[in-house]
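Structure first, then comments.
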Amino acid sequence: MTNREARAAGRPTDPVLTGRLLAAALKDLAHSGFDRLSLDTLARTEKTSKQAIYRRYANKTALAQAAIEAALSAFVPPAPERTNPARDLSLLLNEFRTNVFQAPVGQALARLRFDLAFAPIAETLEQDLRFRIRQILIATAFERDMDTRTEILISWLWQNSFCAFNARSPQDEPDMDRVVYLVLGLGSSAAERHSEPA
């Protein structure tokens, strides 16, 4: 048992405070970035001490990683219906866009995804998304060039995330159905027909 484990074992941590610390850290990461995340300010804002933070996390990096991982693990993507690959893909990507890429966790991760301490978290997110996209496209007419289609869609989500945080207006945001139809080679007119009310 390490010294840190012995200290942690000696005094139980309050899960409510831990949740508040993670949420506040994620908010700060999303709005100000890692360099401006201050443990002093976080402790003051959450009416606790830096010691309480260090009791939970070894350093600022560990806290930031935990905040991002907690937010990602709270997201449960929808299961595909398996009747229409384009609709399943659009639903999946819309959920990821709304609940991950355009949420505070996405903004924080977009800022940090190339940092060595955070790159594995971004890669795990991308691997999960790749797996889910492949599950939808496998054994369909869209299986051909599946890896290329998958990478285009993931790249589009990251790009869309960057644009969303740079004051791009909502009407400029492309419709997910249109993106999916174009990547699948169905054309934009098919996307327009699909999205028209019946």
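Convention: chains lettered A, B, ... in structure tokens order; per-chain residue numbering from 1; ligands numbered from 1 as shown.
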Test item: residues at most 9 Å from Val183 in chain A, only C-alpha atoms, excluding those fewer than 5 positions along its chain, as a count of residues only: 5
Selection near range 90-92 of chain A, 12 Å with only C-alpha atoms, sequence-local residues under 6 positions removed, as a PyMOL selection string: chain A and resi 75-82+84+98-100+128-137+153-154+157+175-184+191+194-195
Minimum-distance residue to Leu37 in chain A, chosen among A:Pro104, A:Leu63, A:Pro12, A:Leu17 (using only C-alpha atoms):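 Closest to Leu37 in chain A of all the choices is A:Leu63.
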Atom-to-atom span, CA of Glu69 in chain A and CA of Ala23 in chain A, Å: 11.2 Å
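In this comparison, which uses only C-alpha atoms, the residue of A:Ala103, A:Ala67, A:Met146, A:Ala24 approaching Asn160 in chain A most closely is A:Ala103.
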For CA of Ala117 in chain A and CA of Thr61 in chain A, the interatomic separation in Å (one decimal):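 Between these atoms lies a distance of 7.4 Å.
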Interatomic distance, CA of Phe114 in chain A to CA of Leu39 in chain A (Å, one decimal):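 Computing it gives 22.6 Å between the two atoms.
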Long-range neighbours of range 40-50 of chain A as a ChimeraX atom specification, 10 Å cut-off, only C-alpha atoms, 4 positions minimum in chain: /A:17,20-22,24-25,28,36,54-55
Selection export as a short mmCIF file (atom, residue, chain, number, x, y, z; two decimals), in the first residue's frame, atoms kept: N, CA and C atoms:
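Below is the file that was written, result-v1.cif:
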```
data_model
loop_
_atom_site.label_atom_id
_atom_site.label_comp_id
_atom_site.auth_asym_id
_atom_site.auth_seq_id
_atom_site.Cartn_x
_atom_site.Cartn_y
_atom_site.Cartn_z
N LEU A 17 -19.20 15.73 -2.96
CA LEU A 17 -18.13 16.71 -3.20
C LEU A 17 -17.28 16.30 -4.39
N ARG A 20 -19.13 17.24 -7.49
CA ARG A 20 -19.09 18.68 -7.70
C ARG A 20 -17.73 19.14 -8.21
N LEU A 21 -16.67 18.57 -7.64
CA LEU A 21 -15.32 18.91 -8.09
C LEU A 21 -15.11 18.53 -9.55
N LEU A 22 -15.57 17.34 -9.93
CA LEU A 22 -15.41 16.89 -11.31
C LEU A 22 -16.20 17.78 -12.27
N ALA A 24 -17.22 20.92 -11.80
CA ALA A 24 -16.63 22.27 -11.84
C ALA A 24 -15.31 22.26 -12.63
N ALA A 25 -14.52 21.23 -12.45
CA ALA A 25 -13.26 21.14 -13.20
C ALA A 25 -13.54 21.01 -14.69
N ASP A 28 -14.54 24.39 -16.05
CA ASP A 28 -13.37 25.25 -16.20
C ASP A 28 -12.50 24.83 -17.38
N ARG A 36 -5.42 27.26 -17.41
CA ARG A 36 -6.10 28.21 -16.53
C ARG A 36 -6.92 27.52 -15.43
N TYR A 54 -6.50 17.20 -3.36
CA TYR A 54 -5.32 16.33 -3.42
C TYR A 54 -5.55 14.97 -2.76
N ARG A 55 -6.53 14.91 -1.87
CA ARG A 55 -6.87 13.63 -1.28
C ARG A 55 -7.48 12.71 -2.34
#
```
Who sits within 12 Å of Ile121 in chain A, only C-alpha atoms, same chain under 5 positions skipped, as a ChimeraX atom specification: /A:64-73,105-106,108-110,112-116,126-128
Those of range 79-148 of chain A in DSSP helix (DSSP H, G or I), formatted as a VMD selection string: chain A and resid 85 to 101 104 to 112 119 to 137 146 to 148
Write the residues of the preceding selection, restricted to C-alpha atoms, as a PDB file, in the first residue's frame.
```pdb
ATOM      1  CA  PRO A  85     -28.306   2.091 -41.595  1.00  0.00           C
ATOM      2  CA  ALA A  86     -28.504   5.758 -42.603  1.00  0.00           C
ATOM      3  CA  ARG A  87     -31.081   6.512 -39.899  1.00  0.00           C
ATOM      4  CA  ASP A  88     -29.139   4.506 -37.294  1.00  0.00           C
ATOM      5  CA  LEU A  89     -25.925   6.308 -38.195  1.00  0.00           C
ATOM      6  CA  SER A  90     -27.598   9.711 -38.106  1.00  0.00           C
ATOM      7  CA  LEU A  91     -29.152   8.977 -34.701  1.00  0.00           C
ATOM      8  CA  LEU A  92     -25.827   7.723 -33.282  1.00  0.00           C
ATOM      9  CA  LEU A  93     -23.828  10.675 -34.589  1.00  0.00           C
ATOM     10  CA  ASN A  94     -26.436  13.207 -33.456  1.00  0.00           C
ATOM     11  CA  GLU A  95     -26.306  11.770 -29.939  1.00  0.00           C
ATOM     12  CA  PHE A  96     -22.496  11.861 -29.898  1.00  0.00           C
ATOM     13  CA  ARG A  97     -22.498  15.386 -31.322  1.00  0.00           C
ATOM     14  CA  THR A  98     -25.010  16.683 -28.775  1.00  0.00           C
ATOM     15  CA  ASN A  99     -23.883  14.803 -25.662  1.00  0.00           C
ATOM     16  CA  VAL A 100     -20.135  14.608 -26.225  1.00  0.00           C
ATOM     17  CA  PHE A 101     -18.642  16.780 -28.953  1.00  0.00           C
ATOM     18  CA  PRO A 104     -18.457  20.739 -22.105  1.00  0.00           C
ATOM     19  CA  VAL A 105     -16.622  17.386 -22.208  1.00  0.00           C
ATOM     20  CA  GLY A 106     -16.177  17.755 -25.957  1.00  0.00           C
ATOM     21  CA  GLN A 107     -14.937  21.307 -25.664  1.00  0.00           C
ATOM     22  CA  ALA A 108     -12.458  20.291 -22.957  1.00  0.00           C
ATOM     23  CA  LEU A 109     -11.261  17.266 -24.904  1.00  0.00           C
ATOM     24  CA  ALA A 110     -11.018  19.226 -28.151  1.00  0.00           C
ATOM     25  CA  ARG A 111      -8.597  21.579 -26.405  1.00  0.00           C
ATOM     26  CA  LEU A 112      -6.553  18.715 -24.941  1.00  0.00           C
ATOM     27  CA  ALA A 119      -4.566  11.715 -26.062  1.00  0.00           C
ATOM     28  CA  PRO A 120      -5.412   8.216 -24.745  1.00  0.00           C
ATOM     29  CA  ILE A 121      -8.820   9.464 -23.577  1.00  0.00           C
ATOM     30  CA  ALA A 122      -9.541  10.978 -27.001  1.00  0.00           C
ATOM     31  CA  GLU A 123      -8.344   7.793 -28.694  1.00  0.00           C
ATOM     32  CA  THR A 124     -10.607   5.645 -26.508  1.00  0.00           C
ATOM     33  CA  LEU A 125     -13.562   7.884 -27.424  1.00  0.00           C
ATOM     34  CA  GLU A 126     -12.716   7.551 -31.113  1.00  0.00           C
ATOM     35  CA  GLN A 127     -12.277   3.760 -30.841  1.00  0.00           C
ATOM     36  CA  ASP A 128     -15.690   3.430 -29.214  1.00  0.00           C
ATOM     37  CA  LEU A 129     -17.263   5.560 -31.931  1.00  0.00           C
ATOM     38  CA  ARG A 130     -15.466   3.589 -34.676  1.00  0.00           C
ATOM     39  CA  PHE A 131     -16.784   0.347 -33.214  1.00  0.00           C
ATOM     40  CA  ARG A 132     -20.349   1.672 -33.084  1.00  0.00           C
ATOM     41  CA  ILE A 133     -20.225   3.016 -36.644  1.00  0.00           C
ATOM     42  CA  ARG A 134     -18.828  -0.295 -37.909  1.00  0.00           C
ATOM     43  CA  GLN A 135     -21.592  -2.176 -36.113  1.00  0.00           C
ATOM     44  CA  ILE A 136     -24.103  -0.155 -38.115  1.00  0.00           C
ATOM     45  CA  LEU A 137     -22.339  -0.432 -41.488  1.00  0.00           C
ATOM     46  CA  MET A 146     -16.217   1.482 -44.204  1.00  0.00           C
ATOM     47  CA  ASP A 147     -12.950   2.590 -42.582  1.00  0.00           C
ATOM     48  CA  THR A 148     -12.728   5.677 -44.778  1.00  0.00           C
TER      49      THR A 148
END
```
